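Source file: model-v5.cif; contents: mmCIF, C-alpha atoms.
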```cif
data_protein
loop_
_atom_site.group_PDB
_atom_site.id
_atom_site.type_symbol
_atom_site.label_atom_id
_atom_site.label_comp_id
_atom_site.auth_asym_id
_atom_site.auth_seq_id
_atom_site.Cartn_x
_atom_site.Cartn_y
_atom_site.Cartn_z
ATOM 1 C CA MET Q 1 0.000 0.000 0.000
ATOM 2 C CA LYS Q 2 1.296 3.467 -0.932
ATOM 3 C CA ARG Q 3 1.565 6.114 1.762
ATOM 4 C CA ALA Q 4 0.507 9.761 1.728
ATOM 5 C CA LEU Q 5 1.130 12.481 4.291
ATOM 6 C CA THR Q 6 -1.190 15.468 4.577
ATOM 7 C CA ILE Q 7 0.018 18.639 6.255
ATOM 8 C CA ALA Q 8 -3.065 20.758 6.901
ATOM 9 C CA GLY Q 9 -5.620 22.082 9.359
ATOM 10 C CA SER Q 10 -8.316 20.072 11.101
ATOM 11 C CA ASP Q 11 -11.994 20.657 10.236
ATOM 12 C CA SER Q 12 -14.297 19.789 13.138
ATOM 13 C CA GLY Q 13 -17.173 19.479 10.654
ATOM 14 C CA GLY Q 14 -15.322 16.700 8.834
ATOM 15 C CA GLY Q 15 -15.788 18.024 5.312
ATOM 16 C CA ALA Q 16 -12.472 19.691 4.546
ATOM 17 C CA GLY Q 17 -8.879 19.825 5.747
ATOM 18 C CA ILE Q 18 -7.202 16.837 7.353
ATOM 19 C CA GLN Q 19 -10.483 14.930 7.520
ATOM 20 C CA ALA Q 20 -11.203 15.319 3.798
ATOM 21 C CA ASP Q 21 -7.616 14.423 2.929
ATOM 22 C CA LEU Q 22 -7.608 11.198 4.936
ATOM 23 C CA LYS Q 23 -10.991 10.153 3.539
ATOM 24 C CA THR Q 24 -9.753 10.788 0.009
ATOM 25 C CA PHE Q 25 -6.557 8.811 0.596
ATOM 26 C CA SER Q 26 -8.594 5.869 1.895
ATOM 27 C CA ALA Q 27 -10.984 6.068 -1.052
ATOM 28 C CA HIS Q 28 -7.954 5.666 -3.325
ATOM 29 C CA ARG Q 29 -6.559 2.770 -1.280
ATOM 30 C CA VAL Q 30 -3.653 4.851 -0.017
ATOM 31 C CA TYR Q 31 -2.524 4.784 3.613
ATOM 32 C CA GLY Q 32 -2.969 8.253 5.073
ATOM 33 C CA MET Q 33 -0.847 10.026 7.688
ATOM 34 C CA SER Q 34 -1.281 13.552 9.006
ATOM 35 C CA VAL Q 35 0.461 16.596 10.402
ATOM 36 C CA ILE Q 36 -2.039 19.026 11.925
ATOM 37 C CA THR Q 37 -1.069 22.686 11.530
ATOM 38 C CA ALA Q 38 -4.156 24.213 13.160
ATOM 39 C CA VAL Q 39 -7.386 23.191 14.839
ATOM 40 C CA THR Q 40 -10.457 24.950 13.491
ATOM 41 C CA ALA Q 41 -13.885 25.129 15.074
ATOM 42 C CA GLN Q 42 -16.127 25.014 12.033
ATOM 43 C CA ASN Q 43 -19.257 23.502 10.525
ATOM 44 C CA THR Q 44 -21.114 23.844 7.240
ATOM 45 C CA LEU Q 45 -21.955 27.478 8.031
ATOM 46 C CA GLU Q 46 -18.829 29.085 9.441
ATOM 47 C CA VAL Q 47 -15.334 28.966 10.873
ATOM 48 C CA ARG Q 48 -15.779 30.094 14.475
ATOM 49 C CA SER Q 49 -12.181 30.053 15.629
ATOM 50 C CA VAL Q 50 -8.711 28.835 14.716
ATOM 51 C CA GLN Q 51 -5.991 27.595 17.070
ATOM 52 C CA PRO Q 52 -2.556 27.294 15.432
ATOM 53 C CA ILE Q 53 -0.448 24.342 16.531
ATOM 54 C CA ASP Q 54 2.879 25.093 18.206
ATOM 55 C CA LEU Q 55 5.684 25.175 15.645
ATOM 56 C CA ALA Q 56 7.794 22.663 17.578
ATOM 57 C CA VAL Q 57 4.876 20.231 17.552
ATOM 58 C CA ILE Q 58 4.467 20.649 13.784
ATOM 59 C CA THR Q 59 8.169 19.938 13.330
ATOM 60 C CA ASP Q 60 7.933 16.884 15.574
ATOM 61 C CA GLN Q 61 4.888 15.535 13.730
ATOM 62 C CA ILE Q 62 6.680 15.724 10.387
ATOM 63 C CA ALA Q 63 9.857 14.160 11.760
ATOM 64 C CA ALA Q 64 7.960 11.403 13.558
ATOM 65 C CA VAL Q 65 6.356 10.281 10.300
ATOM 66 C CA PHE Q 66 9.376 10.596 8.015
ATOM 67 C CA GLU Q 67 11.805 8.945 10.418
ATOM 68 C CA ASP Q 68 9.650 5.833 10.783
ATOM 69 C CA ILE Q 69 7.314 5.447 7.808
ATOM 70 C CA ARG Q 70 8.079 5.820 4.109
ATOM 71 C CA VAL Q 71 6.261 8.785 2.555
ATOM 72 C CA ASP Q 72 5.401 8.402 -1.132
ATOM 73 C CA VAL Q 73 3.678 11.778 -1.493
ATOM 74 C CA VAL Q 74 3.069 14.894 0.590
ATOM 75 C CA LYS Q 75 -0.089 16.966 0.231
ATOM 76 C CA ILE Q 76 -0.087 20.433 1.819
ATOM 77 C CA GLY Q 77 -3.230 22.372 2.679
ATOM 78 C CA MET Q 78 -3.973 25.037 5.280
ATOM 79 C CA LEU Q 79 -0.863 26.511 6.912
ATOM 80 C CA GLY Q 80 -2.214 29.752 8.328
ATOM 81 C CA SER Q 81 0.858 31.782 9.185
ATOM 82 C CA LYS Q 82 4.258 32.820 7.857
ATOM 83 C CA GLU Q 83 5.932 30.945 10.689
ATOM 84 C CA THR Q 84 4.099 27.719 9.868
ATOM 85 C CA VAL Q 85 4.959 28.040 6.166
ATOM 86 C CA GLU Q 86 8.626 28.467 7.026
ATOM 87 C CA THR Q 87 8.531 25.562 9.491
ATOM 88 C CA VAL Q 88 6.983 23.188 6.962
ATOM 89 C CA ALA Q 89 9.363 24.327 4.209
ATOM 90 C CA HIS Q 90 12.369 23.737 6.471
ATOM 91 C CA SER Q 91 11.225 20.184 7.256
ATOM 92 C CA LEU Q 92 10.527 19.350 3.616
ATOM 93 C CA LYS Q 93 14.006 20.550 2.638
ATOM 94 C CA LEU Q 94 15.370 18.247 5.327
ATOM 95 C CA PHE Q 95 13.432 15.100 4.388
ATOM 96 C CA LYS Q 96 13.169 15.758 0.629
ATOM 97 C CA PRO Q 97 9.917 13.976 -0.339
ATOM 98 C CA ALA Q 98 9.808 12.965 -3.997
ATOM 99 C CA ILE Q 99 6.324 14.374 -4.657
ATOM 100 C CA VAL Q 100 4.678 17.438 -3.091
ATOM 101 C CA VAL Q 101 1.163 18.603 -4.011
ATOM 102 C CA LEU Q 102 0.507 22.096 -2.667
ATOM 103 C CA ASP Q 103 -3.044 23.417 -2.308
ATOM 104 C CA PRO Q 104 -2.507 27.078 -1.306
ATOM 105 C CA VAL Q 105 -5.527 27.338 1.008
ATOM 106 C CA MET Q 106 -6.302 30.987 1.727
ATOM 107 C CA ILE Q 107 -10.034 31.416 2.346
ATOM 108 C CA SER Q 108 -12.660 28.978 3.670
ATOM 109 C CA LYS Q 109 -15.938 28.268 1.878
ATOM 110 C CA SER Q 110 -17.650 30.562 4.406
ATOM 111 C CA GLY Q 111 -15.193 33.401 3.696
ATOM 112 C CA HIS Q 112 -12.867 33.070 6.705
ATOM 113 C CA HIS Q 113 -9.231 33.934 5.943
ATOM 114 C CA LEU Q 114 -7.034 30.883 6.589
ATOM 115 C CA LEU Q 115 -3.694 32.369 5.497
ATOM 116 C CA ASP Q 116 -2.485 35.704 6.823
ATOM 117 C CA GLU Q 117 -1.033 38.333 4.506
ATOM 118 C CA ARG Q 118 2.518 37.896 5.806
ATOM 119 C CA ALA Q 119 2.425 34.243 4.864
ATOM 120 C CA VAL Q 120 1.791 34.828 1.164
ATOM 121 C CA SER Q 121 5.320 36.027 0.380
ATOM 122 C CA SER Q 122 6.785 33.142 2.379
ATOM 123 C CA LEU Q 123 4.540 30.701 0.533
ATOM 124 C CA LYS Q 124 5.856 32.038 -2.767
ATOM 125 C CA ILE Q 125 9.515 32.145 -1.738
ATOM 126 C CA ASP Q 126 9.883 29.115 0.537
ATOM 127 C CA LEU Q 127 7.242 26.571 -0.452
ATOM 128 C CA LEU Q 128 6.257 26.914 -4.102
ATOM 129 C CA PRO Q 129 9.764 25.971 -5.323
ATOM 130 C CA LEU Q 130 9.398 22.657 -3.464
ATOM 131 C CA ALA Q 131 6.088 21.739 -5.110
ATOM 132 C CA THR Q 132 5.624 19.119 -7.797
ATOM 133 C CA LEU Q 133 2.198 20.628 -8.422
ATOM 134 C CA VAL Q 134 0.382 23.680 -7.032
ATOM 135 C CA THR Q 135 -3.439 23.789 -7.287
ATOM 136 C CA PRO Q 136 -4.797 27.321 -6.725
ATOM 137 C CA ASN Q 137 -8.362 28.368 -7.422
ATOM 138 C CA ILE Q 138 -8.931 31.714 -9.150
ATOM 139 C CA PRO Q 139 -8.946 33.920 -5.997
ATOM 140 C CA GLU Q 140 -5.783 32.221 -4.740
ATOM 141 C CA ALA Q 141 -4.090 32.575 -8.111
ATOM 142 C CA GLU Q 142 -4.984 36.269 -8.145
ATOM 143 C CA VAL Q 143 -3.219 36.690 -4.795
ATOM 144 C CA LEU Q 144 -0.171 34.775 -6.031
ATOM 145 C CA THR Q 145 0.079 36.699 -9.304
ATOM 146 C CA GLY Q 146 -1.246 40.118 -8.315
ATOM 147 C CA PHE Q 147 -3.635 40.509 -11.257
ATOM 148 C CA PRO Q 148 -7.312 39.656 -11.925
ATOM 149 C CA ILE Q 149 -8.192 36.450 -13.779
ATOM 150 C CA ARG Q 150 -11.284 36.763 -15.949
ATOM 151 C CA THR Q 151 -10.557 35.451 -19.433
ATOM 152 C CA LYS Q 152 -8.934 32.363 -20.907
ATOM 153 C CA GLN Q 153 -5.925 34.478 -21.741
ATOM 154 C CA ASP Q 154 -5.714 35.446 -18.063
ATOM 155 C CA PHE Q 155 -5.625 31.730 -17.193
ATOM 156 C CA TYR Q 156 -2.629 31.185 -19.459
ATOM 157 C CA LYS Q 157 -0.901 34.275 -18.110
ATOM 158 C CA ALA Q 158 -1.519 33.250 -14.487
ATOM 159 C CA CYS Q 159 -0.234 29.711 -14.972
ATOM 160 C CA THR Q 160 2.931 31.052 -16.566
ATOM 161 C CA ALA Q 161 3.447 33.569 -13.758
ATOM 162 C CA ILE Q 162 2.909 30.964 -11.027
ATOM 163 C CA LEU Q 163 5.250 28.484 -12.684
ATOM 164 C CA GLU Q 164 7.944 31.160 -12.633
ATOM 165 C CA LEU Q 165 7.697 31.068 -8.808
ATOM 166 C CA GLY Q 166 9.273 27.619 -8.854
ATOM 167 C CA PRO Q 167 6.779 24.718 -8.869
ATOM 168 C CA LYS Q 168 7.187 22.028 -11.511
ATOM 169 C CA ALA Q 169 3.556 22.332 -12.644
ATOM 170 C CA VAL Q 170 0.374 24.340 -12.064
ATOM 171 C CA LEU Q 171 -3.310 23.395 -12.074
ATOM 172 C CA LEU Q 172 -5.425 26.556 -12.103
ATOM 173 C CA LYS Q 173 -8.929 25.540 -11.053
ATOM 174 C CA GLY Q 174 -11.900 27.139 -12.770
ATOM 175 C CA GLY Q 175 -14.625 26.558 -10.211
ATOM 176 C CA HIS Q 176 -15.013 30.301 -9.572
ATOM 177 C CA ALA Q 177 -15.344 31.113 -13.277
ATOM 178 C CA VAL Q 178 -18.602 31.581 -15.157
ATOM 179 C CA GLY Q 179 -19.816 28.460 -16.950
ATOM 180 C CA ASN Q 180 -18.348 25.011 -16.603
ATOM 181 C CA PRO Q 181 -15.482 24.596 -14.100
ATOM 182 C CA ASN Q 182 -12.686 23.903 -16.571
ATOM 183 C CA ASP Q 183 -9.171 23.758 -15.111
ATOM 184 C CA LEU Q 184 -5.936 24.680 -16.874
ATOM 185 C CA PHE Q 185 -2.876 22.467 -16.397
ATOM 186 C CA TYR Q 186 0.584 23.736 -17.292
ATOM 187 C CA ASP Q 187 3.815 21.797 -16.848
ATOM 188 C CA GLY Q 188 6.145 24.339 -18.415
ATOM 189 C CA LYS Q 189 5.949 22.670 -21.824
ATOM 190 C CA GLU Q 190 2.307 22.639 -22.809
ATOM 191 C CA PHE Q 191 -1.099 23.762 -21.597
ATOM 192 C CA SER Q 192 -3.990 21.316 -21.195
ATOM 193 C CA TRP Q 193 -7.603 22.111 -20.361
ATOM 194 C CA ILE Q 194 -9.263 19.646 -17.987
ATOM 195 C CA LYS Q 195 -12.952 19.904 -18.779
ATOM 196 C CA GLY Q 196 -15.535 19.881 -16.011
ATOM 197 C CA GLU Q 197 -19.303 19.960 -15.590
ATOM 198 C CA ARG Q 198 -21.108 22.519 -13.448
ATOM 199 C CA ILE Q 199 -23.101 20.478 -10.930
ATOM 200 C CA HIS Q 200 -25.752 22.629 -9.315
ATOM 201 C CA THR Q 201 -25.544 21.996 -5.583
ATOM 202 C CA LYS Q 202 -24.597 24.091 -2.571
ATOM 203 C CA ASN Q 203 -22.859 21.082 -1.023
ATOM 204 C CA THR Q 204 -19.288 21.700 -2.141
ATOM 205 C CA HIS Q 205 -17.474 21.949 1.189
ATOM 206 C CA GLY Q 206 -13.975 20.529 0.889
ATOM 207 C CA THR Q 207 -13.747 20.346 -2.905
ATOM 208 C CA GLY Q 208 -10.276 21.880 -3.127
ATOM 209 C CA CYS Q 209 -8.847 19.695 -0.370
ATOM 210 C CA THR Q 210 -10.420 16.624 -1.909
ATOM 211 C CA LEU Q 211 -9.207 17.299 -5.453
ATOM 212 C CA SER Q 212 -5.603 17.911 -4.410
ATOM 213 C CA SER Q 213 -5.629 14.820 -2.189
ATOM 214 C CA ALA Q 214 -7.025 12.733 -5.040
ATOM 215 C CA ILE Q 215 -4.222 13.958 -7.299
ATOM 216 C CA ALA Q 216 -1.672 13.145 -4.585
ATOM 217 C CA SER Q 217 -3.164 9.672 -4.163
ATOM 218 C CA ASN Q 218 -2.990 8.971 -7.881
ATOM 219 C CA LEU Q 219 0.632 10.118 -7.979
ATOM 220 C CA ALA Q 220 1.445 7.868 -5.013
ATOM 221 C CA ASN Q 221 -0.119 4.987 -6.900
ATOM 222 C CA GLY Q 222 2.265 5.579 -9.803
ATOM 223 C CA LEU Q 223 0.085 7.405 -12.339
ATOM 224 C CA PRO Q 224 1.660 10.161 -14.474
ATOM 225 C CA LEU Q 225 0.876 13.725 -13.422
ATOM 226 C CA ALA Q 226 -1.537 14.526 -16.254
ATOM 227 C CA THR Q 227 -3.420 11.251 -15.765
ATOM 228 C CA SER Q 228 -3.508 11.797 -12.007
ATOM 229 C CA ILE Q 229 -5.199 15.153 -12.542
ATOM 230 C CA GLU Q 230 -7.692 13.807 -15.082
ATOM 231 C CA GLN Q 231 -8.684 10.909 -12.828
ATOM 232 C CA ALA Q 232 -8.942 13.215 -9.809
ATOM 233 C CA LYS Q 233 -11.239 15.540 -11.772
ATOM 234 C CA ILE Q 234 -13.578 12.622 -12.463
ATOM 235 C CA TYR Q 235 -13.455 11.618 -8.791
ATOM 236 C CA ILE Q 236 -14.283 15.086 -7.424
ATOM 237 C CA SER Q 237 -17.052 15.583 -9.982
ATOM 238 C CA GLU Q 238 -18.777 12.404 -8.820
ATOM 239 C CA ALA Q 239 -18.135 13.301 -5.181
ATOM 240 C CA ILE Q 240 -19.947 16.596 -5.778
ATOM 241 C CA ARG Q 241 -22.728 14.913 -7.764
ATOM 242 C CA ASN Q 242 -23.313 12.582 -4.804
ATOM 243 C CA SER Q 243 -22.692 15.238 -2.142
ATOM 244 C CA LEU Q 244 -24.298 14.927 1.270
ATOM 245 C CA GLU Q 245 -27.107 17.114 2.565
ATOM 246 C CA LEU Q 246 -25.604 17.581 6.027
ATOM 247 C CA GLY Q 247 -25.912 20.719 8.143
ATOM 248 C CA LYS Q 248 -27.557 24.028 7.315
ATOM 249 C CA GLY Q 249 -24.876 25.452 5.032
ATOM 250 C CA HIS Q 250 -22.459 24.035 2.469
ATOM 251 C CA GLY Q 251 -22.590 20.276 3.005
ATOM 252 C CA PRO Q 252 -19.609 18.012 2.239
ATOM 253 C CA VAL Q 253 -18.850 16.094 -0.919
ATOM 254 C CA HIS Q 254 -19.175 12.310 -0.702
ATOM 255 C CA HIS Q 255 -15.641 10.945 -0.524
ATOM 256 C CA PHE Q 256 -16.724 7.304 -0.671
ATOM 257 C CA HIS Q 257 -19.341 7.635 -3.396
ATOM 258 C CA GLN Q 258 -17.841 4.847 -5.499
ATOM 259 C CA PHE Q 259 -18.350 2.324 -2.687
ATOM 260 C CA TYR Q 260 -22.072 3.033 -2.326
ATOM 261 C CA LYS Q 261 -24.739 1.842 -4.725
ATOM 262 C CA LYS Q 262 -27.648 3.568 -2.979
ATOM 263 C CA GLU Q 263 -29.077 6.829 -4.253
ATOM 264 C CA ARG Q 264 -27.753 9.931 -2.529
ATOM 265 C CA SER Q 265 -31.260 10.608 -1.187
ATOM 266 C CA ASP Q 266 -30.639 7.746 1.244
ATOM 267 C CA PHE Q 267 -27.997 9.899 2.950
ATOM 268 C CA THR Q 268 -30.097 13.012 3.490
#
```
For this file, produce the structure as structure tokens.
Amino acid sequence: MKRALTIAGSDSGGGAGIQADLKTFSAHRVYGMSVITAVTAQNTLEVRSVQPIDLAVITDQIAAVFEDIRVDVVKIGMLGSKETVETVAHSLKLFKPAIVVLDPVMISKSGHHLLDERAVSSLKIDLLPLATLVTPNIPEAEVLTGFPIRTKQDFYKACTAILELGPKAVLLKGGHAVGNPNDLFYDGKEFSWIKGERIHTKNTHGTGCTLSSAIASNLANGLPLATSIEQAKIYISEAIRNSLELGKGHGPVHHFHQFYKKERSDFT
């Protein structure tokens, strides 16, 4: 069994963050391990509070995993602060994982800021150069590049600008665009559009975490990068199509949809 390590925040509602990552790893038959960077008090409606984890504890979590268990892929999500970004980057430089998928989490589904302004420059300088793939959505890409993204040409321009920050490849997600959520993949050699279908549901909590974890899982299982992304896009689309009507706000996607034959109405 391949092994994946997620470095991210905890979601008490279970739909995003560490919880979504571990569910996605399991759904792809990958053994999941975790480093918790922050504990959030959140549900489908809001993020009520955030408690960052002590930097020494983050360092110890990473070391404890790497020094005992082989890590085939690292997925990075919510980091929160400049200090946490620097701490994680330092540990990754020390242990040198072969594959790093970076989801630059900045804002929660409910609009809560999960990455402070000071951390953005550190993310760009210290962490992006270590990434095999970075998976920003449009608002995150706008922060990373400093310009608005509205047109297809803007997508191409943004991918090029982000790649210049050091990652090996970029997947710019189109979920915030008008129309179908088509994503643009760029590996420095060619651009590829990953087509998507707009599924009309409010239950999309954890989509970004889930997609990046699915890509990481596919890479751990030995699939090429482009294939890993294509397969992950299919997985997240079906997870959204079979999303769960839980809570009063944005419910979670269904991470184990492929293992259930019942209609999604059975889970409401």
Determine, using only C-alpha atoms, which residues of region 163-248 of chain Q have any atom at most 10 Å from an atom of region 5-9 of chain Q, and tabulate each with its shortest atom pair and distance in Å to one decimal place, rows ordered by chain and then rising number, as CSV.
```
residue,atom,partner,partner_atom,distance
Q:Cys209,CA,Q:Ala8,CA,9.4
Q:Ser213,CA,Q:Thr6,CA,8.1
Q:Ala216,CA,Q:Leu5,CA,9.3
Q:Ser217,CA,Q:Leu5,CA,9.9
```
If you keep C-alpha atoms, can you produce a file of those selected residues as a CSV table (one decimal), in the frame of the given file?
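Okay, out-v4.csv is ready:
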```csv
chain,number,residue,atom,x,y,z
Q,209,CYS,CA,-8.8,19.7,-0.4
Q,213,SER,CA,-5.6,14.8,-2.2
Q,216,ALA,CA,-1.7,13.1,-4.6
Q,217,SER,CA,-3.2,9.7,-4.2
```
Handout entry: Nearest residue to Val253 (chain Q) from the set Q:Glu117, Q:Ser212, Q:Lys202, Q:Leu79 (distances using all atoms listed in the file)
Key = Q:Lys202
Handout entry: Polymer residues at most 12 Å from Gly13 (chain Q), all atoms listed in the file, same-chain spacing of 3 or more positions, as JSON, numbers by chain
Key = {"Q": [9, 10, 16, 17, 18, 19, 20, 39, 40, 41, 42, 43, 44, 45, 46, 47, 48, 205, 206, 246, 247, 248, 249, 250, 251, 252]}
Exercise for the section: Give me the result of the PyMOL selection byres ((chain Q and resi 165-173) around 9) on this file, residue by residue, as an NGL selection string. Expected result: :Q and (124-125 or 127-138 or 141 or 155 or 158-164 or 174-177 or 181-188 or 208 or 229)
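Comparing the minimum interatomic distances between Ser243 (chain Q) and each of Q:Thr204, Q:Thr151, Q:Ser34, Q:Ser81, counting only C-alpha atoms, we find that Q:Thr204 sits nearest.
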Handout entry: CA of Ser121 (chain Q) to CA of Val88 (chain Q), distance in Å rounded to a single decimal
Key = 14.5 Å
Report, as AutoDock Vina command-line options, the centre and edge lengths in Å (one decimal) of the axis-aligned box enclosing every listed atom of region 32-47 of chain Q, padded by 8 Å on each side.
```
--center_x -10.7 --center_y 18.7 --center_z 10.1 --size_x 38.4 --size_y 36.8 --size_z 26.0
```
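Across the structure, CA of Ile53 (chain Q) and CA of Val85 (chain Q) are spaced 12.3 Å apart.
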Practice task
I need the residue set behind the PyMOL selection byres ((chain Q and resi 56-63) around 10) for this file; please write it as a PyMOL selection string.
Solution key: chain Q and resi 5-7+33-38+52-55+64-69+84+87-88+90-92+94-95
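All residues of protein, DNA or RNA that reach within 9 Å of Ala214 (chain Q), judged by only C-alpha atoms and not counting those fewer than 5 positions away in the chain, are Asp21, Thr24, Phe25, Ala27, His28, Cys209, Leu219, Ser228, Ile229, Gln231, Ala232, Lys233, Tyr235 and Ile236 of chain Q.
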Excluding Val105 (chain Q) and any residue of its chain fewer than 5 positions from it, enumerate the residues within 8 Å of it, using only C-alpha atoms, and give them as a CSV table (one decimal) with C-alpha atoms, in the frame of the given file.
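Output contents, as saved in out-v2.csv:
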```csv
chain,number,residue,atom,x,y,z
Q,77,GLY,CA,-3.2,22.4,2.7
Q,78,MET,CA,-4.0,25.0,5.3
Q,79,LEU,CA,-0.9,26.5,6.9
Q,114,LEU,CA,-7.0,30.9,6.6
Q,115,LEU,CA,-3.7,32.4,5.5
Q,136,PRO,CA,-4.8,27.3,-6.7
Q,140,GLU,CA,-5.8,32.2,-4.7
```
